[in-house]
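K.L.:
My structure is stored as input-v2.pdb, with PDB, C-alpha atoms and all ligand atoms.
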ATOM      1  CA  MET A   1      76.748  -7.793   3.797  1.00  0.00           C
ATOM      2  CA  ASN A   2      76.639 -11.553   3.446  1.00  0.00           C
ATOM      3  CA  ASN A   3      78.757 -14.225   5.091  1.00  0.00           C
ATOM      4  CA  GLN A   4      80.605 -16.701   2.876  1.00  0.00           C
ATOM      5  CA  ASP A   5      80.306 -19.558   5.353  1.00  0.00           C
ATOM      6  CA  CYS A   6      76.588 -19.111   6.020  1.00  0.00           C
ATOM      7  CA  ILE A   7      74.165 -21.612   4.502  1.00  0.00           C
ATOM      8  CA  PHE A   8      71.295 -19.103   4.449  1.00  0.00           C
ATOM      9  CA  CYS A   9      73.463 -16.482   2.713  1.00  0.00           C
ATOM     10  CA  LYS A  10      74.185 -19.154   0.087  1.00  0.00           C
ATOM     11  CA  ILE A  11      70.444 -19.725  -0.338  1.00  0.00           C
ATOM     12  CA  VAL A  12      69.891 -15.970  -0.732  1.00  0.00           C
ATOM     13  CA  ALA A  13      72.701 -15.851  -3.331  1.00  0.00           C
ATOM     14  CA  GLY A  14      71.147 -18.774  -5.245  1.00  0.00           C
ATOM     15  CA  GLU A  15      74.210 -20.977  -4.632  1.00  0.00           C
ATOM     16  CA  ILE A  16      72.081 -23.537  -2.744  1.00  0.00           C
ATOM     17  CA  PRO A  17      68.521 -24.340  -3.836  1.00  0.00           C
ATOM     18  CA  CYS A  18      65.471 -23.850  -1.663  1.00  0.00           C
ATOM     19  CA  PHE A  19      61.717 -24.316  -1.912  1.00  0.00           C
ATOM     20  CA  LYS A  20      60.910 -20.621  -2.118  1.00  0.00           C
ATOM     21  CA  ILE A  21      57.523 -19.397  -0.938  1.00  0.00           C
ATOM     22  CA  CYS A  22      57.931 -15.658  -1.468  1.00  0.00           C
ATOM     23  CA  GLU A  23      60.462 -12.832  -1.405  1.00  0.00           C
ATOM     24  CA  THR A  24      60.767  -9.071  -1.223  1.00  0.00           C
ATOM     25  CA  ASP A  25      63.818  -6.841  -1.630  1.00  0.00           C
ATOM     26  CA  ASN A  26      64.786  -7.538   1.981  1.00  0.00           C
ATOM     27  CA  ILE A  27      63.233 -10.856   2.965  1.00  0.00           C
ATOM     28  CA  LEU A  28      63.132 -14.461   1.755  1.00  0.00           C
ATOM     29  CA  THR A  29      60.623 -17.085   2.902  1.00  0.00           C
ATOM     30  CA  PHE A  30      61.195 -20.759   2.099  1.00  0.00           C
ATOM     31  CA  LEU A  31      60.406 -24.238   3.380  1.00  0.00           C
ATOM     32  CA  ASP A  32      62.520 -25.636   6.207  1.00  0.00           C
ATOM     33  CA  ILE A  33      64.237 -28.746   4.847  1.00  0.00           C
ATOM     34  CA  GLY A  34      63.642 -30.641   8.105  1.00  0.00           C
ATOM     35  CA  PRO A  35      60.056 -29.704   8.928  1.00  0.00           C
ATOM     36  CA  VAL A  36      58.544 -30.183  12.370  1.00  0.00           C
ATOM     37  CA  ASN A  37      55.291 -30.482  10.405  1.00  0.00           C
ATOM     38  CA  LYS A  38      54.971 -30.273   6.623  1.00  0.00           C
ATOM     39  CA  GLY A  39      54.710 -26.621   5.588  1.00  0.00           C
ATOM     40  CA  HIS A  40      57.222 -25.479   8.265  1.00  0.00           C
ATOM     41  CA  ALA A  41      58.861 -22.386   6.756  1.00  0.00           C
ATOM     42  CA  LEU A  42      61.639 -19.955   7.583  1.00  0.00           C
ATOM     43  CA  VAL A  43      61.501 -16.173   7.176  1.00  0.00           C
ATOM     44  CA  ILE A  44      64.964 -14.633   6.876  1.00  0.00           C
ATOM     45  CA  PRO A  45      66.458 -11.230   6.137  1.00  0.00           C
ATOM     46  CA  LYS A  46      68.489 -11.337   2.910  1.00  0.00           C
ATOM     47  CA  VAL A  47      71.332  -9.541   4.638  1.00  0.00           C
ATOM     48  CA  HIS A  48      73.273 -11.564   7.198  1.00  0.00           C
ATOM     49  CA  TYR A  49      72.384 -10.620  10.765  1.00  0.00           C
ATOM     50  CA  GLU A  50      73.220 -13.167  13.430  1.00  0.00           C
ATOM     51  CA  ASN A  51      70.322 -12.855  15.844  1.00  0.00           C
ATOM     52  CA  ILE A  52      67.443 -10.751  17.136  1.00  0.00           C
ATOM     53  CA  TRP A  53      69.748  -8.156  18.678  1.00  0.00           C
ATOM     54  CA  ASP A  54      71.576  -7.512  15.410  1.00  0.00           C
ATOM     55  CA  LEU A  55      68.402  -7.021  13.385  1.00  0.00           C
ATOM     56  CA  PRO A  56      67.523  -3.385  12.663  1.00  0.00           C
ATOM     57  CA  SER A  57      64.062  -2.897  14.194  1.00  0.00           C
ATOM     58  CA  GLU A  58      62.487  -1.722  10.917  1.00  0.00           C
ATOM     59  CA  LEU A  59      63.602  -4.934   9.270  1.00  0.00           C
ATOM     60  CA  GLY A  60      62.269  -6.859  12.255  1.00  0.00           C
ATOM     61  CA  GLN A  61      58.874  -5.260  11.696  1.00  0.00           C
ATOM     62  CA  GLU A  62      58.974  -6.218   8.029  1.00  0.00           C
ATOM     63  CA  ILE A  63      59.817  -9.790   9.001  1.00  0.00           C
ATOM     64  CA  LEU A  64      56.934  -9.874  11.471  1.00  0.00           C
ATOM     65  CA  SER A  65      54.573  -8.608   8.803  1.00  0.00           C
ATOM     66  CA  THR A  66      55.815 -11.353   6.445  1.00  0.00           C
ATOM     67  CA  ALA A  67      55.342 -13.889   9.240  1.00  0.00           C
ATOM     68  CA  GLN A  68      51.700 -12.797   9.526  1.00  0.00           C
ATOM     69  CA  THR A  69      51.023 -13.071   5.794  1.00  0.00           C
ATOM     70  CA  ALA A  70      53.000 -16.246   5.113  1.00  0.00           C
ATOM     71  CA  GLY A  71      51.779 -17.778   8.392  1.00  0.00           C
ATOM     72  CA  ASP A  72      48.179 -17.212   7.349  1.00  0.00           C
ATOM     73  CA  ALA A  73      48.889 -18.774   3.938  1.00  0.00           C
ATOM     74  CA  ILE A  74      50.598 -21.795   5.538  1.00  0.00           C
ATOM     75  CA  MET A  75      47.594 -22.316   7.808  1.00  0.00           C
ATOM     76  CA  LYS A  76      45.250 -22.271   4.818  1.00  0.00           C
ATOM     77  CA  ALA A  77      47.463 -24.391   2.548  1.00  0.00           C
ATOM     78  CA  THR A  78      48.053 -27.109   5.150  1.00  0.00           C
ATOM     79  CA  GLY A  79      44.707 -26.977   6.960  1.00  0.00           C
ATOM     80  CA  ALA A  80      46.592 -26.342  10.204  1.00  0.00           C
ATOM     81  CA  ASP A  81      44.774 -25.564  13.451  1.00  0.00           C
ATOM     82  CA  GLY A  82      47.534 -23.342  14.851  1.00  0.00           C
ATOM     83  CA  LEU A  83      50.920 -21.815  14.142  1.00  0.00           C
ATOM     84  CA  ASN A  84      54.108 -21.454  16.183  1.00  0.00           C
ATOM     85  CA  VAL A  85      56.251 -18.427  15.363  1.00  0.00           C
ATOM     86  CA  ILE A  86      59.615 -19.144  16.942  1.00  0.00           C
ATOM     87  CA  MET A  87      63.052 -17.580  16.873  1.00  0.00           C
ATOM     88  CA  ASN A  88      66.033 -19.338  18.437  1.00  0.00           C
ATOM     89  CA  ASN A  89      68.792 -16.983  19.554  1.00  0.00           C
ATOM     90  CA  ASN A  90      72.203 -18.357  20.557  1.00  0.00           C
ATOM     91  CA  LYS A  91      73.292 -21.966  20.895  1.00  0.00           C
ATOM     92  CA  ALA A  92      71.729 -22.368  24.343  1.00  0.00           C
ATOM     93  CA  ALA A  93      68.333 -21.592  22.805  1.00  0.00           C
ATOM     94  CA  GLY A  94      68.768 -24.135  20.007  1.00  0.00           C
ATOM     95  CA  GLN A  95      70.119 -21.850  17.284  1.00  0.00           C
ATOM     96  CA  LEU A  96      71.980 -23.967  14.727  1.00  0.00           C
ATOM     97  CA  VAL A  97      72.167 -21.524  11.821  1.00  0.00           C
ATOM     98  CA  PHE A  98      73.593 -18.185  12.913  1.00  0.00           C
ATOM     99  CA  HIS A  99      71.705 -16.118  10.362  1.00  0.00           C
ATOM    100  CA  ALA A 100      68.618 -14.658  12.040  1.00  0.00           C
ATOM    101  CA  HIS A 101      65.402 -16.469  11.111  1.00  0.00           C
ATOM    102  CA  PHE A 102      61.852 -16.967  12.287  1.00  0.00           C
ATOM    103  CA  HIS A 103      60.279 -20.414  12.140  1.00  0.00           C
ATOM    104  CA  LEU A 104      56.647 -20.651  11.008  1.00  0.00           C
ATOM    105  CA  ILE A 105      55.443 -24.068  12.159  1.00  0.00           C
ATOM    106  CA  PRO A 106      51.944 -25.228  11.282  1.00  0.00           C
ATOM    107  CA  ARG A 107      50.339 -27.102  14.169  1.00  0.00           C
ATOM    108  CA  PHE A 108      47.522 -29.607  14.267  1.00  0.00           C
ATOM    109  CA  ASN A 109      45.221 -30.446  17.154  1.00  0.00           C
ATOM    110  CA  GLU A 110      46.454 -34.019  17.322  1.00  0.00           C
ATOM    111  CA  ASP A 111      50.077 -33.621  16.174  1.00  0.00           C
ATOM    112  CA  GLY A 112      51.372 -35.009  19.466  1.00  0.00           C
ATOM    113  CA  PHE A 113      53.745 -32.183  20.355  1.00  0.00           C
ATOM    114  CA  GLN A 114      53.531 -31.020  23.924  1.00  0.00           C
ATOM    115  CA  HIS A 115      54.173 -27.696  25.534  1.00  0.00           C
ATOM    116  CA  TRP A 116      57.687 -27.435  26.947  1.00  0.00           C
ATOM    117  CA  ASP A 117      58.194 -28.310  30.625  1.00  0.00           C
ATOM    118  CA  GLN A 118      57.595 -25.409  32.974  1.00  0.00           C
ATOM    119  CA  LYS A 119      59.370 -24.478  36.201  1.00  0.00           C
ATOM    120  CA  GLU A 120      58.106 -22.684  39.286  1.00  0.00           C
ATOM    121  CA  TYR A 121      59.350 -19.637  41.183  1.00  0.00           C
ATOM    122  CA  ASP A 122      60.310 -20.413  44.779  1.00  0.00           C
ATOM    123  CA  ASN A 123      57.935 -17.654  45.917  1.00  0.00           C
ATOM    124  CA  MET A 124      56.269 -14.413  44.773  1.00  0.00           C
ATOM    125  CA  ASP A 125      59.240 -12.347  46.005  1.00  0.00           C
ATOM    126  CA  GLU A 126      61.640 -14.133  43.687  1.00  0.00           C
ATOM    127  CA  ALA A 127      59.402 -13.383  40.685  1.00  0.00           C
ATOM    128  CA  GLN A 128      58.933  -9.738  41.726  1.00  0.00           C
ATOM    129  CA  VAL A 129      62.675  -9.171  42.220  1.00  0.00           C
ATOM    130  CA  LEU A 130      63.469 -10.716  38.840  1.00  0.00           C
ATOM    131  CA  ALA A 131      60.803  -8.667  37.016  1.00  0.00           C
ATOM    132  CA  GLN A 132      62.283  -5.498  38.538  1.00  0.00           C
ATOM    133  CA  LYS A 133      65.829  -6.547  37.700  1.00  0.00           C
ATOM    134  CA  ILE A 134      64.832  -7.045  34.057  1.00  0.00           C
ATOM    135  CA  GLU A 135      63.022  -3.681  34.050  1.00  0.00           C
ATOM    136  CA  LYS A 136      66.209  -1.992  35.304  1.00  0.00           C
ATOM    137  CA  MET A 137      68.177  -3.619  32.474  1.00  0.00           C
ATOM    138  CA  ILE A 138      65.739  -2.104  29.967  1.00  0.00           C
ATOM    139  CA  THR A 139      66.091   1.309  31.576  1.00  0.00           C
ATOM    140  CA  GLY A 140      69.853   0.909  31.382  1.00  0.00           C
ATOM    141  CA  ILE A 141      69.710   0.044  27.692  1.00  0.00           C
ATOM    142  CA  ASN A 142      67.374   2.901  26.715  1.00  0.00           C
TER
HETATM  143  P1  LIG B   1      67.686 -23.117  14.183  1.00  0.00           P
HETATM  144  O1  LIG B   1      67.860 -24.290  15.119  1.00  0.00           O
HETATM  145  O2  LIG B   1      66.623 -22.158  14.674  1.00  0.00           O
HETATM  146  O3  LIG B   1      68.996 -22.431  13.862  1.00  0.00           O
HETATM  147  O4  LIG B   1      67.079 -23.729  12.867  1.00  0.00           O
HETATM  148  C1  LIG B   1      67.775 -23.914  11.681  1.00  0.00           C
HETATM  149  C2  LIG B   1      66.795 -24.551  10.720  1.00  0.00           C
HETATM  150  O5  LIG B   1      67.342 -24.443   9.420  1.00  0.00           O
HETATM  151  C3  LIG B   1      66.535 -26.041  10.983  1.00  0.00           C
HETATM  152  O6  LIG B   1      65.150 -26.230  11.257  1.00  0.00           O
HETATM  153  C4  LIG B   1      66.972 -26.714   9.689  1.00  0.00           C
HETATM  154  O7  LIG B   1      66.133 -27.771   9.305  1.00  0.00           O
HETATM  155  C5  LIG B   1      66.913 -25.565   8.684  1.00  0.00           C
HETATM  156  N1  LIG B   1      67.814 -25.700   7.543  1.00  0.00           N
HETATM  157  C6  LIG B   1      69.141 -25.942   7.581  1.00  0.00           C
HETATM  158  N2  LIG B   1      69.642 -25.987   6.321  1.00  0.00           N
HETATM  159  C7  LIG B   1      68.602 -25.742   5.492  1.00  0.00           C
HETATM  160  C8  LIG B   1      68.475 -25.652   4.071  1.00  0.00           C
HETATM  161  N3  LIG B   1      69.529 -25.807   3.253  1.00  0.00           N
HETATM  162  N4  LIG B   1      67.250 -25.397   3.548  1.00  0.00           N
HETATM  163  C9  LIG B   1      66.182 -25.224   4.367  1.00  0.00           C
HETATM  164  N5  LIG B   1      66.246 -25.299   5.710  1.00  0.00           N
HETATM  165  C10 LIG B   1      67.441 -25.557   6.262  1.00  0.00           C
HETATM  166 ZN    ZN B   2      73.945 -15.531   6.495  1.00  0.00          ZN
END
Please lay out the structure from this file as structure tokens.
Ligand code: AMP
Ligand code: ZN

P.N.:
Amino acid sequence: MNNQDCIFCKIVAGEIPCFKICETDNILTFLDIGPVNKGHALVIPKVHYENIWDLPSELGQEILSTAQTAGDAIMKATGADGLNVIMNNNKAAGQLVFHAHFHLIPRFNEDGFQHWDQKEYDNMDEAQVLAQKIEKMITGIN
């Protein structure tokens, strides 16, 4: 089911144009209109799901497979040296369009982007406790 207020649903419906790269019954891949580097593309499910947790896992696998194929093609077409595959989930993580999507961003050795700033754990105990806490959450979910 699609969402009337969603810009990506409008693209899927053909109400807003896009620079389409490829599509299947379930997935659309098109150029991001504000590319980090030229060739930056988005892979989206045609049905409106808000984020990674809403996506049915089979569809997620199909999207990942598309990301591999389209990512390879973007690398070749742009002569890129690398590729970021990124998904922003929730506002705090930079999500602006609340229709699940994966970014495929071609990267070049000298494109000037840096790795994000990293933090440090206070000590090994803190890291160990957190890893175990996360593991318990997974056990609780499954
Ligand atoms: P995010 O911050 O992960 O939600 O990214 C949303 C992305 O959608 C941004 O990189 C925008 O440039 C891109 N975007 C927004 N509107 C359009 C559009 N009409 N066509 C193509 N890309 C778009
Ligand atoms: Zn949508």

K.L.:
Do a neighbour search on Lys46 of chain A at 12 Å with only C-alpha atoms, toss out local chain neighbours closer than 6 positions, and write the hits as a list of chain:residue names.

P.N.:
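Here the qualifying residues turn out to be A:Met1, A:Asn2, A:Asn3, A:Cys6, A:Ile7, A:Phe8, A:Cys9, A:Lys10, A:Ile11, A:Val12, A:Ala13, A:Gly14, A:Glu23, A:Thr24, A:Asp25, A:Asn26, A:Ile27, A:Leu28, A:Thr29, A:Phe30, A:Leu55, A:Leu59, A:Glu62, A:Ile63, A:His99, A:Ala100, A:His101.
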
K.L.:
Report the distance between atom CA of Gln118 of chain A and atom CA of Ala93 of chain A in Å, rounded to one decimal place.

P.N.:
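It comes out at 15.3 Å.
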
K.L.:
Could you list, as a PyMOL selection string, all the residues within 6 Å of ligand LIG 1 (chain B), counting only C-alpha atoms and all ligand atoms?

P.N.:
chain A and resi 18+31-34+88+94-97

K.L.:
Taking (55.7, -23.8, 17.0) in the file's coordinates, which residues come within 9 Å, counting all atoms listed in the file, written as a list in words?

P.N.:
Val36, Gly82, Leu83, Asn84, Val85, Ile86, His103, Leu104, Ile105, Pro106 and Arg107 of chain A

K.L.:
To one decimal place in Å, what is the distance between atom CA of Phe98 of chain A and atom CA of Glu50 of chain A?

P.N.:
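Interatomic distance, atom CA of Phe98 of chain A to atom CA of Glu50 of chain A: 5.1 Å.
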
K.L.:
Would you mind telling me which residue in A:Ala131, A:Ala92, A:Ile74, A:Val47 lies nearest to ligand ZN 2 (chain B) when using all atoms listed in the file?

P.N.:
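The shortest atom-to-atom distance to ligand ZN 2 (chain B) comes from A:Val47.
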
K.L.:
Given only C-alpha atoms and all ligand atoms as the basis, pick out the residue of A:Ala77, A:Ile44, A:Ala127, A:Met87 nearest to ligand ZN 2 (chain B).

P.N.:
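Nearest to ligand ZN 2 (chain B): A:Ile44.
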
K.L.:
Hey, which of A:Gly71, A:Pro45, A:Gly60, A:Gly79 ends up closest to ligand ZN 2 (chain B)? Count only C-alpha atoms and all ligand atoms.

P.N.:
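Closest to ligand ZN 2 (chain B), using only C-alpha atoms and all ligand atoms: A:Pro45.
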
K.L.:
In Å to one decimal, how far is atom CA of Ile134 of chain A from atom CA of Gln68 of chain A?

P.N.:
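Between these atoms lies a distance of 28.4 Å.
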
K.L.:
Which residue is closest to ligand ZN 2 (chain B)? Choose from A:Tyr49, A:Ile141, A:Trp116, A:Ala41 and count only C-alpha atoms and all ligand atoms.

P.N.:
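Counting only C-alpha atoms and all ligand atoms, the residue closest to ligand ZN 2 (chain B) is A:Tyr49.
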